[in-house]
Each structure stands twice: as structure tokens, then as C-alpha cells.
Amino acid sequence: MNNLLPATPQFLRLLAGLALAAAGVCAMAPARADASLEPLTNILSVPGSAGLGVVTHFERSPYVEAGNRYDILPLYLYEGERFFLHANRGGAKLLNGDAQRVDLFVEQRLEGFPADRLPASLAGMATRDSGIDLGLSWRWRQPWGTLQAELLHDVGGFSKGSEARLGYTYDWRSGPWSLRPSLSVALRDARLNNYYYGVRDSEATAGRAAYAPGAGVNTSLGLFGSYDLSQRWRLLAGVSATVLDRKVKDSPIVQKRVLPGVYVGAAYDFGGHQREWAQDGSPTYFKLLYGKSTDDGCHLIKILTAQCLSTATVNPTSISAIQVGKPFLQNVNGWPLDFVGYAGLTSHNERGLQANGVQLDLFMKAFYSGFPWSDRVKTRLGMGVGVSLAQRAPYIEASSQAASGKPASRLLNYLDPTIDVSLGDLLGSRVLKDTFIGVGVSHRSGIFGSSRVLGNVNGGSNYLYTYVESAL
């Protein structure tokens, strides 16, 4: 299925993704696998805020003949009192004071062999994949800067290595501008370095000797900043340089010792939800849906432009789901525009083509209801954006990826475009005025194979569905 966003196959990655999702619903930091220590934190202005964004990351690959690495980091932003989600990291705040903070977190390590084009220097070697780390972080904030220390260990069974990170940052702000210079070091053990930069005896060739770099220290310098375009919109940018340990540089598969990187992106802050949730009468949305898969050529753009509205006739599968939502913002700037945060559980009926499975969907959704006829029959046009974590890649995704010789992913971006009308307005019933019936698309996809967080995998799936939603 040719769609919009990518994937990750290992079961432990799914567990890590579920841990991230349970940790919160959406906050940010395009942290890299080196000693960057989350350079783009503190984007959200109000505690309890949620937001969405994207950062494009360019850096020099450490591997011989691998060139530059281009990566897109989708940002699902949430910063609660006890839980947080920072792009590829999520966890719980064990201590959250003004000066000190202690986090227990799970992080997807953004290291590994290129996923799209394997250079000749790595041909015949076993894949070095992104790992899943369990970590403990301590942060001490003072007027002269912030000190941070982290301990991480791979719990995904990839490198089985460990790392200690030490860092210093200083936050400067003037009007809409903010800057954060940083210095950090990463003390990496032998297992970690040998996995990503070593050559095993079985992988040695005439031009590639067996090599084990052992433990070492990487050092990173960075300058990261943001600019407030408005109360909600922020532009993000940064530059960094990582110096690899000399023993890592001496590996026959490593080309450079200094790895420059550039970050460019933007984020939207939806604001804090506590005010809305605390209001008397703030509704809770309950939505039930049923849908069927589309044919392979029926991608999202064709569906939204009504060029393809048919479901699959060959190997059809279906979904049923329940979604629960709470408003974050209502009548934004006096417009008929609401933002609602949703959590949904979707069940896949694979019709015997593979084992059935479930997926967890977390997303923010905008509703526009300012149509000329909405005073008579309220009509809402919605678009949800978030993340989807599947127990196993749905059949239509797995089969499409297998046909192209690529792995599928359990973790993908999620889009939820819908249109509905008030059932109460249609029937003339005041009791049912806040009950809506409509149609939508459940869309999982990757970012054209360009996001390491989402597995660097192309493809996805579409399900056309009907639903009923009621605000209680």
C-alpha cells in the first residue's frame, strides 16, 4: 500500500512504543543517539500542553560511502506533571521540582546502518538496527545553566550495551527568541560500540578486517534555538557536531570522526488542557466505528478527492474501534474551530490472512463547523494527526511491504480525516443534538521511508469507515 509514512518490525519495539504512548500523549525532542541530551526541549509554553510538529535532521553518516543522512522526526508533544513524550523518548517524572528533575524513560536509539541504501562497505554484514534503551535521567537547573546526567541500557536485545551521558546547557531568551548552547559527552561501553561500529570475524573480508573498537567517549557541541511566530507557532533550528572516539574512527567501516548535523522544523502548541477539562460541562467524546480496507491503488489523496471510494475486493480486511476524546481548545480565537485529544483502540479482523491484532491510536484532532447551514444541521469537518502503535503490522501493510522486499512497521503516523452531521438536527431531536454520524478514513503511513523513528519504511494502509460519535 503506497501511503504517506514508515515503520519498525521488532516486537520489543512495539512494547517500547506502547510504553511511550502510556507515558503521555505528545511532547518533543529530536534526541540523537550521541550525547545530545534532548537539545530541543521546553518547546511547550504551559504545563500540561500538547502539540504537534516536525523536525528535519541532516547529518553526516559515520559509515564509509554512506554519505549524508536525512531524517524526519515527527513531533507528538505532551508535557504533563508526571508523564512526558519527547519524539523518540517518553517516560515518567519521578521528581519534578523547580531546580531538580528525575526521569525514568524509554528511548528509541537513532543509530544503525542506513535503511534505504546500504553502501558497499557494509555489504554482507548483519544489520545494525535502532535499539530500545531504558534510562534514568537527572537534571539540575541553576541560573548559570543546567547540568544533566543519564544512564541508559539497551533492553531491546540489539546491542545489549550501556551508555552514560553528561551534559551542560544554558538557556537564553529575549522576546520571541530563545537559544540553548550545549556541551555533552557520552561514555559508551564495548558492547554498544562493537555493535554499531565493529566488524565481526564472520563479516571480515579482504578489504574489511575484523575489528572491535571497545569502550570509548563521544563528545558533542550544539546550538539550538526557537522563534515564536505567534502564541502557538514556533520555528525550530539547531546545529551540532559530534566527535567520535578515536577507536571508533579507526574502524574499517567508519569514514569520519567529526559528524556535523543540522535541525530545521516547526511546532504548534495547542495549549494546556487542564483549563478545558476542569470546566463544568466540558464534554467527553465517545466514538464507535467500523471500516473496510481499500485496494492497493486507492491512496489517501484519491480518497479525499473522491476519486476512489471503494473497498478492497481481493483479500478484504476490516476494523472496528472505540475512541475517547477530550477538548483541549474550543472556539479558537472566536472561530468555529475546536481541538480535541483522542485515544483509540482498534481491532483488526484479518479474515484468516494472518492473526488478528489491535492497535493503539493517539492523536490531536481539529474540527471546523463554520458552514453556512450549520445553524440548521451542524456539520463538522475533522482532521486528526498523531501516532499509531499496532500489535502487529496489519495484513494490507505487511503484504505490500513484503512484495517490495521491505519490512513493515508497527509504529506509524496516524491521520483521521472525517466529515459528520448532527443526528439530532437531522431528526429534530434536542437529546441527540451532540450525537454525530459520519464517514472517515483510518490512515496509517510512513514519511516516504525518511523517518528513523518510524522505521525508515515506506507504505501504510487506508480503511474507509462509518461511525457514530456522542458527546457526554
# chains A, B, ... in the order shown; residues from 1 in each chain; ligands from 1
>>> residues_around(residues="Ser61 (chain A)", least_positions_apart="5", cutoff="9 Å", atoms="only C-alpha atoms", output="mmCIF file with N, CA, C and O atoms, in the first residue's frame")
data_model
loop_
_atom_site.group_PDB
_atom_site.id
_atom_site.type_symbol
_atom_site.label_atom_id
_atom_site.label_comp_id
_atom_site.auth_asym_id
_atom_site.auth_seq_id
_atom_site.Cartn_x
_atom_site.Cartn_y
_atom_site.Cartn_z
ATOM 1 N N ALA A 66 28.483 6.066 2.898
ATOM 2 C CA ALA A 66 27.052 6.212 3.186
ATOM 3 C C ALA A 66 26.565 7.640 2.994
ATOM 4 O O ALA A 66 25.357 7.887 3.027
ATOM 5 N N GLY A 67 27.476 8.603 2.808
ATOM 6 C CA GLY A 67 27.083 9.977 2.525
ATOM 7 C C GLY A 67 26.399 10.655 3.690
ATOM 8 O O GLY A 67 26.693 10.400 4.860
ATOM 9 N N ASN A 68 25.442 11.514 3.348
ATOM 10 C CA ASN A 68 24.706 12.256 4.362
ATOM 11 C C ASN A 68 23.434 11.519 4.741
ATOM 12 O O ASN A 68 22.839 10.809 3.935
ATOM 13 N N ARG A 69 23.009 11.692 5.964
ATOM 14 C CA ARG A 69 21.785 11.073 6.468
ATOM 15 C C ARG A 69 20.707 12.139 6.587
ATOM 16 O O ARG A 69 20.921 13.197 7.178
ATOM 17 N N PRO A 114 22.321 2.470 7.411
ATOM 18 C CA PRO A 114 21.315 3.106 6.550
ATOM 19 C C PRO A 114 20.251 2.097 6.141
ATOM 20 O O PRO A 114 20.553 0.951 5.805
ATOM 21 N N VAL A 254 34.018 3.008 9.318
ATOM 22 C CA VAL A 254 33.737 4.388 9.713
ATOM 23 C C VAL A 254 34.585 5.331 8.873
ATOM 24 O O VAL A 254 35.788 5.123 8.710
ATOM 25 N N GLN A 255 33.955 6.405 8.331
ATOM 26 C CA GLN A 255 34.657 7.292 7.411
ATOM 27 C C GLN A 255 35.111 8.607 8.039
ATOM 28 O O GLN A 255 36.133 9.161 7.652
ATOM 29 N N LYS A 256 34.348 9.148 8.971
ATOM 30 C CA LYS A 256 34.654 10.462 9.525
ATOM 31 C C LYS A 256 34.662 10.405 11.046
ATOM 32 O O LYS A 256 33.935 9.622 11.649
ATOM 33 N N LEU A 259 31.137 14.530 12.968
ATOM 34 C CA LEU A 259 29.866 14.388 12.270
ATOM 35 C C LEU A 259 29.015 15.637 12.504
ATOM 36 O O LEU A 259 28.433 15.807 13.578
#
>>> closest_atom_pairs(of="region 125-219 of chain A", to="region 87-93 of chain A", cutoff="12 Å", atoms="only C-alpha atoms", output="JSON lines")
{"residue": "A:Ser130", "atom": "CA", "partner": "A:Asn88", "partner_atom": "CA", "distance": 11.1}
{"residue": "A:Gly131", "atom": "CA", "partner": "A:Asn88", "partner_atom": "CA", "distance": 11.2}
{"residue": "A:Ile132", "atom": "CA", "partner": "A:Asn88", "partner_atom": "CA", "distance": 9.8}
{"residue": "A:Asp133", "atom": "CA", "partner": "A:Arg89", "partner_atom": "CA", "distance": 9.3}
{"residue": "A:Leu134", "atom": "CA", "partner": "A:Gly91", "partner_atom": "CA", "distance": 9.5}
{"residue": "A:Gly135", "atom": "CA", "partner": "A:Gly91", "partner_atom": "CA", "distance": 9.2}
{"residue": "A:Leu136", "atom": "CA", "partner": "A:Gly91", "partner_atom": "CA", "distance": 9.6}
{"residue": "A:Ser137", "atom": "CA", "partner": "A:Lys93", "partner_atom": "CA", "distance": 9.4}
{"residue": "A:Trp138", "atom": "CA", "partner": "A:Lys93", "partner_atom": "CA", "distance": 10.0}
{"residue": "A:Arg139", "atom": "CA", "partner": "A:Lys93", "partner_atom": "CA", "distance": 11.0}
{"residue": "A:Leu152", "atom": "CA", "partner": "A:Arg89", "partner_atom": "CA", "distance": 11.9}
>>> atom_distance(atom1="CA of Leu179 (chain A)", atom2="CA of Ala237 (chain A)")
9.6 Å
>>> closest_residue(among="A:Leu110, A:Ala402, A:Leu464, A:Leu95", to="Ser442 (chain A)", atoms="only C-alpha atoms")
A:Leu464
>>> select_by_dssp(residues="region 209-288 of chain A", states="alpha helix (DSSP H)", output="number ranges by chain")
A: 246-249, 274-278
>>> residues_around(residues="region 209-216 of chain A", least_positions_apart="6", cutoff="7 Å", atoms="only C-alpha atoms", output="count of residues only")
15
>>> closest_atom_pairs(of="region 293-400 of chain A", to="region 417-438 of chain A", cutoff="8 Å", atoms="only C-alpha atoms", output="tab-separated table")
residue	atom	partner	partner_atom	distance
A:Arg376	CA	A:Asp425	CA	6.8
A:Val377	CA	A:Asp425	CA	5.1
A:Lys378	CA	A:Ser422	CA	5.4
A:Thr379	CA	A:Val421	CA	4.4
A:Arg380	CA	A:Asp420	CA	5.5
A:Leu381	CA	A:Ile419	CA	4.7
A:Gly382	CA	A:Thr418	CA	5.0
A:Met383	CA	A:Pro417	CA	4.3
A:Gly384	CA	A:Pro417	CA	6.1
